[in-house]
$ cat start.pdb   # PDB, C-alpha atoms
ATOM      1  CA  MET W1469     -11.277  16.764 -39.171
ATOM      2  CA  ARG W1470     -12.876  15.832 -35.845
ATOM      3  CA  ALA W1471     -10.822  16.645 -32.754
ATOM      4  CA  ILE W1472     -11.029  16.585 -28.972
ATOM      5  CA  LEU W1473      -9.153  18.999 -26.740
ATOM      6  CA  VAL W1474      -8.386  17.430 -23.348
ATOM      7  CA  VAL W1475      -7.564  20.059 -20.714
ATOM      8  CA  ASN W1476      -6.237  19.419 -17.225
ATOM      9  CA  PRO W1477      -7.363  22.518 -15.289
ATOM     10  CA  GLN W1478      -5.121  21.548 -12.337
ATOM     11  CA  ALA W1479      -1.902  21.621 -14.382
ATOM     12  CA  THR W1480       0.667  24.231 -13.412
ATOM     13  CA  SER W1481       0.300  26.664 -16.307
ATOM     14  CA  THR W1482      -3.199  25.992 -17.622
ATOM     15  CA  THR W1483      -5.759  28.758 -17.174
ATOM     16  CA  ALA W1484      -9.383  29.214 -18.159
ATOM     17  CA  GLY W1485      -8.388  32.089 -20.450
ATOM     18  CA  GLY W1486      -5.651  30.053 -22.112
ATOM     19  CA  ARG W1487      -8.053  27.134 -22.580
ATOM     20  CA  ASP W1488     -10.581  29.417 -24.296
ATOM     21  CA  VAL W1489      -7.967  30.934 -26.607
ATOM     22  CA  LEU W1490      -6.665  27.486 -27.539
ATOM     23  CA  ALA W1491     -10.164  26.110 -28.117
ATOM     24  CA  HIS W1492     -11.172  29.097 -30.255
ATOM     25  CA  ALA W1493      -8.021  28.803 -32.362
ATOM     26  CA  LEU W1494      -8.424  25.055 -32.894
ATOM     27  CA  ALA W1495     -12.119  25.391 -33.702
ATOM     28  CA  SER W1496     -11.188  27.537 -36.693
ATOM     29  CA  GLN W1497      -9.526  24.499 -38.320
ATOM     30  CA  VAL W1498     -11.280  21.418 -36.894
ATOM     31  CA  LYS W1499     -14.641  20.289 -35.582
ATOM     32  CA  LEU W1500     -13.799  20.484 -31.889
ATOM     33  CA  ASP W1501     -15.098  19.140 -28.592
ATOM     34  CA  VAL W1502     -13.486  20.315 -25.329
ATOM     35  CA  VAL W1503     -13.241  18.132 -22.216
ATOM     36  CA  GLU W1504     -11.855  19.275 -18.860
ATOM     37  CA  THR W1505     -10.586  16.439 -16.716
ATOM     38  CA  ASP W1506     -12.249  15.941 -13.326
ATOM     39  CA  TYR W1507     -10.318  12.998 -11.877
ATOM     40  CA  ARG W1508      -7.211  10.872 -12.263
ATOM     41  CA  GLY W1509      -7.627   8.665 -15.343
ATOM     42  CA  HIS W1510     -10.243  10.926 -16.959
ATOM     43  CA  ALA W1511      -7.912  11.942 -19.814
ATOM     44  CA  MET W1512      -7.206   8.266 -20.516
ATOM     45  CA  ALA W1513     -10.914   7.444 -20.638
ATOM     46  CA  VAL W1514     -11.607  10.331 -23.043
ATOM     47  CA  ALA W1515      -8.739   9.327 -25.339
ATOM     48  CA  ARG W1516      -9.827   5.678 -25.323
ATOM     49  CA  SER W1517     -13.337   6.682 -26.388
ATOM     50  CA  ALA W1518     -11.908   8.977 -29.063
ATOM     51  CA  ALA W1519      -9.887   6.117 -30.541
ATOM     52  CA  ARG W1520     -12.892   3.796 -30.568
ATOM     53  CA  ASP W1521     -15.120   6.497 -32.099
ATOM     54  CA  GLY W1522     -12.729   7.210 -34.967
ATOM     55  CA  ILE W1523     -11.799  10.754 -33.898
ATOM     56  CA  ASP W1524      -8.979  12.174 -36.036
ATOM     57  CA  LEU W1525      -7.024  14.188 -33.459
ATOM     58  CA  VAL W1526      -6.717  14.402 -29.676
ATOM     59  CA  VAL W1527      -4.915  17.427 -28.240
ATOM     60  CA  ALA W1528      -3.548  17.192 -24.695
ATOM     61  CA  HIS W1529      -3.262  20.489 -22.820
ATOM     62  CA  GLY W1530      -1.551  19.831 -19.502
ATOM     63  CA  GLY W1531       1.649  18.374 -18.129
ATOM     64  CA  ASP W1532       3.435  15.108 -18.827
ATOM     65  CA  GLY W1533       0.907  13.220 -16.719
ATOM     66  CA  THR W1534      -1.942  14.412 -18.927
ATOM     67  CA  VAL W1535      -0.008  13.526 -22.072
ATOM     68  CA  ASN W1536       0.768  10.070 -20.683
ATOM     69  CA  GLU W1537      -2.893   9.434 -19.865
ATOM     70  CA  VAL W1538      -3.954  10.497 -23.357
ATOM     71  CA  VAL W1539      -1.307   8.269 -24.972
ATOM     72  CA  ASN W1540      -2.378   5.282 -22.858
ATOM     73  CA  GLY W1541      -5.998   5.925 -23.805
ATOM     74  CA  LEU W1542      -5.249   6.189 -27.516
ATOM     75  CA  LEU W1543      -3.349   2.883 -27.428
ATOM     76  CA  ALA W1544      -5.516   1.084 -24.851
ATOM     77  CA  ASP W1545      -6.646  -1.498 -27.408
ATOM     78  CA  SER W1546      -3.160  -2.087 -28.876
ATOM     79  CA  GLY W1547      -0.433  -4.594 -28.022
ATOM     80  CA  SER W1548       3.364  -4.328 -28.024
ATOM     81  CA  ASP W1549       3.634  -5.433 -31.662
ATOM     82  CA  PRO W1550       3.468  -2.417 -34.045
ATOM     83  CA  ALA W1551       1.439  -4.615 -36.390
ATOM     84  CA  ASP W1552      -1.281  -4.767 -33.711
ATOM     85  CA  ILE W1553      -1.731  -0.997 -33.692
ATOM     86  CA  GLY W1554      -4.642  -0.140 -35.924
ATOM     87  CA  PRO W1555      -5.897   3.338 -36.897
ATOM     88  CA  VAL W1556      -5.277   5.650 -33.942
ATOM     89  CA  PRO W1557      -6.064   9.376 -33.664
ATOM     90  CA  ALA W1558      -3.124  11.706 -34.108
ATOM     91  CA  LEU W1559      -1.786  13.377 -30.970
ATOM     92  CA  GLY W1560      -1.324  17.100 -30.452
ATOM     93  CA  VAL W1561       0.369  18.605 -27.400
ATOM     94  CA  VAL W1562       0.088  22.080 -25.905
ATOM     95  CA  PRO W1563       2.261  22.177 -22.751
ATOM     96  CA  GLY W1564       0.602  23.215 -19.526
ATOM     97  CA  GLY W1565       2.702  21.562 -16.825
ATOM     98  CA  SER W1566       5.911  22.359 -14.989
ATOM     99  CA  ALA W1567       8.391  20.041 -16.754
ATOM    100  CA  ASN W1568       6.772  19.262 -20.146
ATOM    101  CA  VAL W1569       9.538  16.783 -21.004
ATOM    102  CA  PHE W1570       7.748  15.114 -23.931
ATOM    103  CA  ALA W1571       6.817  18.445 -25.546
ATOM    104  CA  ARG W1572      10.356  19.800 -25.194
ATOM    105  CA  ALA W1573      11.849  16.599 -26.613
ATOM    106  CA  LEU W1574       9.629  17.109 -29.675
ATOM    107  CA  GLY W1575      10.940  20.663 -30.071
ATOM    108  CA  LEU W1576       7.664  22.309 -29.054
ATOM    109  CA  ALA W1577       7.590  25.676 -27.339
ATOM    110  CA  VAL W1578       6.939  25.570 -23.600
ATOM    111  CA  ASP W1579       4.787  28.696 -23.765
ATOM    112  CA  PRO W1580       1.186  27.546 -24.441
ATOM    113  CA  VAL W1581       0.470  30.422 -26.847
ATOM    114  CA  GLU W1582       3.561  29.713 -28.944
ATOM    115  CA  ALA W1583       2.839  25.977 -28.848
ATOM    116  CA  THR W1584      -0.706  26.663 -30.053
ATOM    117  CA  HIS W1585       0.661  28.569 -33.061
ATOM    118  CA  GLN W1586       3.007  25.658 -33.806
ATOM    119  CA  LEU W1587       0.124  23.208 -33.638
ATOM    120  CA  LEU W1588      -2.076  25.313 -35.931
ATOM    121  CA  ASN W1589       0.725  25.736 -38.473
ATOM    122  CA  ALA W1590       1.394  21.991 -38.431
ATOM    123  CA  LEU W1591      -2.297  21.225 -38.952
ATOM    124  CA  GLU W1592      -2.533  23.683 -41.813
ATOM    125  CA  SER W1593       0.491  22.206 -43.575
ATOM    126  CA  GLY W1594      -0.376  18.575 -42.673
ATOM    127  CA  ARG W1595       2.894  18.131 -40.806
ATOM    128  CA  SER W1596       3.307  15.194 -38.395
ATOM    129  CA  ARG W1597       5.971  12.944 -36.937
ATOM    130  CA  SER W1598       5.943   9.212 -36.286
ATOM    131  CA  VAL W1599       7.069   8.591 -32.701
ATOM    132  CA  GLY W1600       8.186   5.365 -31.078
ATOM    133  CA  LEU W1601       7.119   4.654 -27.504
ATOM    134  CA  GLY W1602       7.991   2.353 -24.632
ATOM    135  CA  LEU W1603       5.649  -0.191 -23.065
ATOM    136  CA  ALA W1604       6.286  -1.450 -19.532
ATOM    137  CA  ASP W1605       3.988  -3.820 -17.645
ATOM    138  CA  GLY W1606       1.018  -2.624 -19.711
ATOM    139  CA  HIS W1607       1.848   1.071 -19.292
ATOM    140  CA  TRP W1608       2.906   3.144 -22.317
ATOM    141  CA  PHE W1609       5.598   5.754 -21.691
ATOM    142  CA  THR W1610       6.771   8.611 -23.870
ATOM    143  CA  PHE W1611      10.162   9.531 -22.402
ATOM    144  CA  ASN W1612      11.200   7.519 -19.343
ATOM    145  CA  ALA W1613      10.371   4.779 -16.857
ATOM    146  CA  GLY W1614      12.396   3.344 -14.021
ATOM    147  CA  LEU W1615      12.864   1.258 -10.910
ATOM    148  CA  GLY W1616      14.695   2.363  -7.802
ATOM    149  CA  TRP W1617      16.023   5.796  -6.916
ATOM    150  CA  ASP W1618      14.178   7.832  -9.563
ATOM    151  CA  ALA W1619      10.876   6.117  -8.724
ATOM    152  CA  ASP W1620      11.493   6.844  -5.022
ATOM    153  CA  VAL W1621      11.955  10.514  -5.931
ATOM    154  CA  VAL W1622       8.743  10.537  -7.962
ATOM    155  CA  GLY W1623       6.903   8.991  -5.018
ATOM    156  CA  ARG W1624       8.112  11.701  -2.628
ATOM    157  CA  VAL W1625       7.152  14.462  -5.064
ATOM    158  CA  ALA W1626       3.704  12.902  -5.587
ATOM    159  CA  LYS W1627       3.003  13.277  -1.849
ATOM    160  CA  ARG W1628       3.225  17.022  -2.365
ATOM    161  CA  ARG W1629       0.681  16.952  -5.200
ATOM    162  CA  GLY W1630      -1.103  20.294  -5.399
ATOM    163  CA  LYS W1631       2.136  22.225  -4.962
ATOM    164  CA  GLU W1632       4.135  23.460  -7.942
ATOM    165  CA  THR W1633       6.698  20.794  -8.823
ATOM    166  CA  SER W1634       9.792  22.958  -9.130
ATOM    167  CA  ALA W1635      13.336  21.798  -9.793
ATOM    168  CA  GLY W1636      14.108  22.533  -6.144
ATOM    169  CA  LEU W1637      11.374  20.168  -5.000
ATOM    170  CA  TYR W1638      12.811  17.353  -7.124
ATOM    171  CA  LEU W1639      16.331  18.041  -5.843
ATOM    172  CA  ARG W1640      15.222  17.885  -2.210
ATOM    173  CA  ALA W1641      13.310  14.669  -2.908
ATOM    174  CA  ALA W1642      16.376  13.207  -4.648
ATOM    175  CA  VAL W1643      18.629  13.957  -1.661
ATOM    176  CA  ARG W1644      16.151  12.509   0.841
ATOM    177  CA  SER W1645      15.585   9.408  -1.273
ATOM    178  CA  TYR W1646      19.342   8.909  -1.612
ATOM    179  CA  PHE W1647      20.048   8.986   2.112
ATOM    180  CA  ARG W1648      16.753   7.416   3.238
ATOM    181  CA  PRO W1649      15.437   5.137   0.450
ATOM    182  CA  PRO W1650      11.862   4.269   1.464
ATOM    183  CA  LEU W1651      12.205   0.607   0.445
ATOM    184  CA  GLY W1652      15.944   0.204   0.893
ATOM    185  CA  ARG W1653      18.085  -0.726  -2.117
ATOM    186  CA  PRO W1654      17.125  -4.251  -3.213
ATOM    187  CA  VAL W1655      19.283  -5.803  -5.908
ATOM    188  CA  LEU W1656      17.923  -5.446  -9.453
ATOM    189  CA  THR W1657      18.912  -7.985 -12.107
ATOM    190  CA  VAL W1658      18.960  -6.482 -15.603
ATOM    191  CA  ARG W1659      18.653  -8.598 -18.734
ATOM    192  CA  VAL W1660      19.239  -7.216 -22.236
ATOM    193  CA  PRO W1661      19.183  -9.406 -25.385
ATOM    194  CA  GLY W1662      22.648 -10.673 -26.257
ATOM    195  CA  GLU W1663      24.191  -9.647 -22.913
ATOM    196  CA  GLU W1664      24.872 -11.446 -19.635
ATOM    197  CA  PRO W1665      22.568 -10.536 -16.709
ATOM    198  CA  VAL W1666      23.975  -7.837 -14.430
ATOM    199  CA  GLU W1667      23.070  -6.715 -10.926
ATOM    200  CA  VAL W1668      22.379  -3.046 -10.207
ATOM    201  CA  VAL W1669      20.660  -0.942  -7.537
ATOM    202  CA  THR W1670      18.774   1.578  -9.701
ATOM    203  CA  ALA W1671      17.736   1.606 -13.358
ATOM    204  CA  PHE W1672      16.409   4.239 -15.759
ATOM    205  CA  VAL W1673      14.867   3.217 -19.087
ATOM    206  CA  SER W1674      14.635   6.052 -21.597
ATOM    207  CA  ASN W1675      12.630   6.391 -24.785
ATOM    208  CA  THR W1676      14.415   9.585 -25.853
ATOM    209  CA  ASP W1677      17.161  11.991 -24.807
ATOM    210  CA  PRO W1678      17.145  14.332 -22.875
ATOM    211  CA  TRP W1679      15.532  12.207 -20.180
ATOM    212  CA  THR W1680      14.248  15.178 -18.201
ATOM    213  CA  TYR W1681      15.079  18.823 -17.427
ATOM    214  CA  LEU W1682      16.544  20.571 -14.390
ATOM    215  CA  GLY W1683      14.826  23.915 -14.857
ATOM    216  CA  GLU W1684      15.863  24.893 -18.371
ATOM    217  CA  ARG W1685      18.871  22.579 -18.426
ATOM    218  CA  PRO W1686      18.442  19.236 -20.235
ATOM    219  CA  VAL W1687      19.545  16.046 -18.461
ATOM    220  CA  HIS W1688      21.269  13.505 -20.734
ATOM    221  CA  LEU W1689      21.588   9.827 -19.811
ATOM    222  CA  ASN W1690      21.487   7.987 -23.155
ATOM    223  CA  SER W1691      22.678  10.323 -25.896
ATOM    224  CA  GLY W1692      22.148   7.616 -28.531
ATOM    225  CA  CYS W1693      18.451   7.352 -27.729
ATOM    226  CA  SER W1694      15.624   9.079 -29.637
ATOM    227  CA  PHE W1695      12.001   8.628 -30.684
ATOM    228  CA  GLU W1696      13.322   6.804 -33.772
ATOM    229  CA  THR W1697      15.472   4.260 -31.913
ATOM    230  CA  GLY W1698      14.941   1.533 -29.359
ATOM    231  CA  LEU W1699      15.137   2.056 -25.609
ATOM    232  CA  GLY W1700      18.091   3.265 -23.583
ATOM    233  CA  LEU W1701      19.233   1.699 -20.310
ATOM    234  CA  PHE W1702      21.140   3.634 -17.648
ATOM    235  CA  ALA W1703      21.792   1.663 -14.461
ATOM    236  CA  LEU W1704      24.268   1.834 -11.586
ATOM    237  CA  ASN W1705      25.639  -1.179  -9.705
ATOM    238  CA  GLY W1706      26.502   1.047  -6.741
ATOM    239  CA  MET W1707      25.701   4.567  -5.599
ATOM    240  CA  PRO W1708      28.567   6.018  -3.529
ATOM    241  CA  LEU W1709      28.469   9.824  -3.546
ATOM    242  CA  PRO W1710      31.490  10.257  -5.895
ATOM    243  CA  THR W1711      29.753   8.055  -8.477
ATOM    244  CA  VAL W1712      26.475   9.964  -8.180
ATOM    245  CA  PHE W1713      28.197  13.370  -8.468
ATOM    246  CA  LYS W1714      30.199  12.174 -11.470
ATOM    247  CA  HIS W1715      27.142  11.041 -13.405
ATOM    248  CA  VAL W1716      25.045  14.049 -12.432
ATOM    249  CA  ARG W1717      27.823  16.267 -13.806
ATOM    250  CA  GLN W1718      28.001  14.228 -17.026
ATOM    251  CA  ALA W1719      24.213  14.308 -17.347
ATOM    252  CA  LEU W1720      24.161  18.095 -17.275
ATOM    253  CA  LEU W1721      26.778  18.457 -20.014
ATOM    254  CA  THR W1722      25.443  19.078 -23.508
ATOM    255  CA  LYS W1723      25.481  15.878 -25.577
ATOM    256  CA  SER W1724      27.269  14.057 -22.776
ATOM    257  CA  ASN W1725      28.341  10.481 -23.522
ATOM    258  CA  GLN W1726      27.924   8.868 -20.100
ATOM    259  CA  ARG W1727      30.745   6.556 -19.017
ATOM    260  CA  GLY W1728      31.821   5.067 -15.695
ATOM    261  CA  ARG W1729      33.078   1.985 -13.861
ATOM    262  CA  ARG W1730      29.761   1.469 -12.055
ATOM    263  CA  LEU W1731      27.604   2.335 -15.056
ATOM    264  CA  VAL W1732      25.635  -0.239 -17.050
ATOM    265  CA  ARG W1733      24.456   1.478 -20.205
ATOM    266  CA  HIS W1734      22.911   0.377 -23.498
ATOM    267  CA  ASP W1735      21.374   2.482 -26.265
ATOM    268  CA  ASP W1736      18.851   1.391 -28.894
ATOM    269  CA  VAL W1737      17.700  -1.953 -27.462
ATOM    270  CA  PRO W1738      14.304  -3.546 -28.216
ATOM    271  CA  LEU W1739      13.726  -5.207 -24.834
ATOM    272  CA  ILE W1740      14.893  -4.811 -21.252
ATOM    273  CA  ARG W1741      13.833  -7.049 -18.355
ATOM    274  CA  ILE W1742      14.454  -6.113 -14.738
ATOM    275  CA  ASP W1743      13.857  -8.435 -11.761
ATOM    276  CA  ALA W1744      13.974  -7.161  -8.174
ATOM    277  CA  ALA W1745      14.917  -9.180  -5.120
ATOM    278  CA  GLU W1746      12.154  -7.350  -3.211
ATOM    279  CA  PRO W1747       9.353  -4.982  -4.309
ATOM    280  CA  VAL W1748      10.687  -1.621  -5.513
ATOM    281  CA  ASN W1749       8.976   1.561  -6.649
ATOM    282  CA  PHE W1750       8.134   1.757 -10.368
ATOM    283  CA  GLN W1751       7.531   5.016 -12.229
ATOM    284  CA  VAL W1752       6.347   5.789 -15.760
ATOM    285  CA  ASP W1753       6.765   9.276 -17.281
ATOM    286  CA  GLY W1754       7.244  10.783 -13.839
ATOM    287  CA  ASP W1755       4.172   9.118 -12.318
ATOM    288  CA  LEU W1756       4.473   6.508  -9.576
ATOM    289  CA  VAL W1757       2.642   3.367 -10.735
ATOM    290  CA  GLY W1758       3.278   1.193  -7.699
ATOM    291  CA  GLN W1759       5.742  -1.481  -6.610
ATOM    292  CA  ARG W1760       7.047  -4.339  -8.733
ATOM    293  CA  THR W1761       9.432  -7.298  -8.565
ATOM    294  CA  ARG W1762       9.607  -7.755 -12.358
ATOM    295  CA  VAL W1763       9.075  -5.424 -15.309
ATOM    296  CA  GLU W1764       9.663  -5.945 -19.024
ATOM    297  CA  PHE W1765      10.247  -2.820 -21.090
ATOM    298  CA  HIS W1766       9.455  -3.060 -24.819
ATOM    299  CA  SER W1767      10.313  -0.589 -27.568
ATOM    300  CA  VAL W1768       7.410  -0.042 -29.983
ATOM    301  CA  PRO W1769       8.557   1.849 -33.103
ATOM    302  CA  GLY W1770       6.181   4.258 -34.850
ATOM    303  CA  ALA W1771       3.456   3.792 -32.260
ATOM    304  CA  LEU W1772       1.900   7.250 -32.674
ATOM    305  CA  SER W1773       1.591  10.086 -35.142
ATOM    306  CA  VAL W1774       2.208  13.441 -33.431
ATOM    307  CA  ILE W1775       1.291  16.784 -34.984
ATOM    308  CA  VAL W1776       4.449  18.940 -34.786
TER     309      VAL W1776
END
$ encode --input "start.pdb" --output "structure tokens"
Amino acid sequence: MRAILVVNPQATSTTAGGRDVLAHALASQVKLDVVETDYRGHAMAVARSAARDGIDLVVAHGGDGTVNEVVNGLLADSGSDPADIGPVPALGVVPGGSANVFARALGLAVDPVEATHQLLNALESGRSRSVGLGLADGHWFTFNAGLGWDADVVGRVAKRRGKETSAGLYLRAAVRSYFRPPLGRPVLTVRVPGEEPVEVVTAFVSNTDPWTYLGERPVHLNSGCSFETGLGLFALNGMPLPTVFKHVRQALLTKSNQRGRRLVRHDDVPLIRIDAAEPVNFQVDGDLVGQRTRVEFHSVPGALSVIV
């Protein structure tokens, strides 16, 4: 088996020693090349080349941003129709970031050493999992994308790139973005197949549940959403403080089934379209992509094989 290990040396918990241990362990089972990323988009370029060269496995060692780049590189030549996805290298993940949402959702250990053992055991036994993904405006996402408040938060956090992205940093960014939204709160019109259009002010689109983590605590928005289902929509048509506090509390409850008068929620849908009255921030897997006035979110079942 030919494999490439993609390492982001700037990720929160990646170290040169950990990289060497991981590379040595993987090299005992596969023919391995190691690439350290030097710039934004490097991991995507490496993964794209790996897919075109017929590599069998690409292992991402970094945070969710590194994983997202690798996924987008592996599927760079594929469309939204599962039938369009040809042979693609399998994906392996060894967490090295601060949140590691995708890895945790797969049941992988957050500790890189433990995750390495899991990966080696899975390779030895030939164990893998077919994972569905989301595709939004040409960007693949593994766990979440959104327009509005959450994207504003991501944008504020991104300005502090280079600092450790702790739960406290996200909370402060969330409070500031709530009281001082950088682009205001333009109306978003949400369209889901079989439903009437509805107007909201913020929208989260999930590919799995939990959507993210507050420290060690999982955050649940769409409990009926998983890597084996369609997408989940969680949107609010208003954001008074009582509504926000209510849904934050529900989100932090184990297996919470979110309900509320201002909540627009759907689980397991194949397509979601959101139109904005004015440009709003757009994020994918916790990375600010830019501003948009229209985004279509597609569910793509079985898009990738992940070694777990």
$ closest_residue --input "start.pdb" --among "W:Arg1572, W:Arg1730, W:Arg1624, W:Arg1717" --to "Tyr1646 in chain W" --atoms "all atoms listed in the file"
W:Arg1624
$ closest_residue --input "start.pdb" --among "W:Pro1580, W:Gly1531, W:Gly1698, W:Gly1770" --to "Gly1485 in chain W" --atoms "all atoms listed in the file"
W:Pro1580
$ closest_residue --input "start.pdb" --among "W:Val1569, W:Val1732, W:Val1562, W:Val1712" --to "Phe1672 in chain W" --atoms "all atoms listed in the file"
W:Val1732
$ resolve_selection --input "start.pdb" --expression "the PyMOL selection byres ((chain W and resi 1598-1615) around 7)" --output "tab-separated table (two decimals) with C-alpha atoms, keeping the file's coordinate frame"
chain	number	residue	atom	x	y	z
W	1536	ASN	CA	0.77	10.07	-20.68
W	1540	ASN	CA	-2.38	5.28	-22.86
W	1548	SER	CA	3.36	-4.33	-28.02
W	1570	PHE	CA	7.75	15.11	-23.93
W	1596	SER	CA	3.31	15.19	-38.40
W	1597	ARG	CA	5.97	12.94	-36.94
W	1616	GLY	CA	14.70	2.36	-7.80
W	1617	TRP	CA	16.02	5.80	-6.92
W	1618	ASP	CA	14.18	7.83	-9.56
W	1619	ALA	CA	10.88	6.12	-8.72
W	1670	THR	CA	18.77	1.58	-9.70
W	1671	ALA	CA	17.74	1.61	-13.36
W	1672	PHE	CA	16.41	4.24	-15.76
W	1673	VAL	CA	14.87	3.22	-19.09
W	1674	SER	CA	14.64	6.05	-21.60
W	1675	ASN	CA	12.63	6.39	-24.78
W	1676	THR	CA	14.42	9.59	-25.85
W	1679	TRP	CA	15.53	12.21	-20.18
W	1695	PHE	CA	12.00	8.63	-30.68
W	1696	GLU	CA	13.32	6.80	-33.77
W	1748	VAL	CA	10.69	-1.62	-5.51
W	1749	ASN	CA	8.98	1.56	-6.65
W	1750	PHE	CA	8.13	1.76	-10.37
W	1751	GLN	CA	7.53	5.02	-12.23
W	1752	VAL	CA	6.35	5.79	-15.76
W	1753	ASP	CA	6.76	9.28	-17.28
W	1763	VAL	CA	9.07	-5.42	-15.31
W	1764	GLU	CA	9.66	-5.94	-19.02
W	1765	PHE	CA	10.25	-2.82	-21.09
W	1766	HIS	CA	9.46	-3.06	-24.82
W	1767	SER	CA	10.31	-0.59	-27.57
W	1768	VAL	CA	7.41	-0.04	-29.98
W	1769	PRO	CA	8.56	1.85	-33.10
W	1770	GLY	CA	6.18	4.26	-34.85
W	1771	ALA	CA	3.46	3.79	-32.26
W	1772	LEU	CA	1.90	7.25	-32.67
W	1773	SER	CA	1.59	10.09	-35.14
W	1774	VAL	CA	2.21	13.44	-33.43
$ resolve_selection --input "start.pdb" --expression "the PyMOL selection byres ((chain W and resi 1582-1590) around 9)" --output "VMD selection string"
chain W and resid 1490 1493 to 1494 1497 1560 to 1563 1576 to 1581 1591 to 1596 1775 to 1776
$ closest_residue --input "start.pdb" --among "W:Gly1728, W:Gly1565, W:Pro1686, W:Gly1623" --to "Pro1649 in chain W" --atoms "only C-alpha atoms"
W:Gly1623
$ resolve_selection --input "start.pdb" --expression "the PyMOL selection byres ((chain W and resi 1704) around 9)" --output "NGL selection string"
:W and (1667-1671 or 1702-1703 or 1705-1707 or 1711 or 1730-1733)
$ atom_distance --input "start.pdb" --atom1 "CA of Val1737 in chain W" --atom2 "CA of Asn1690 in chain W"
11.5 Å
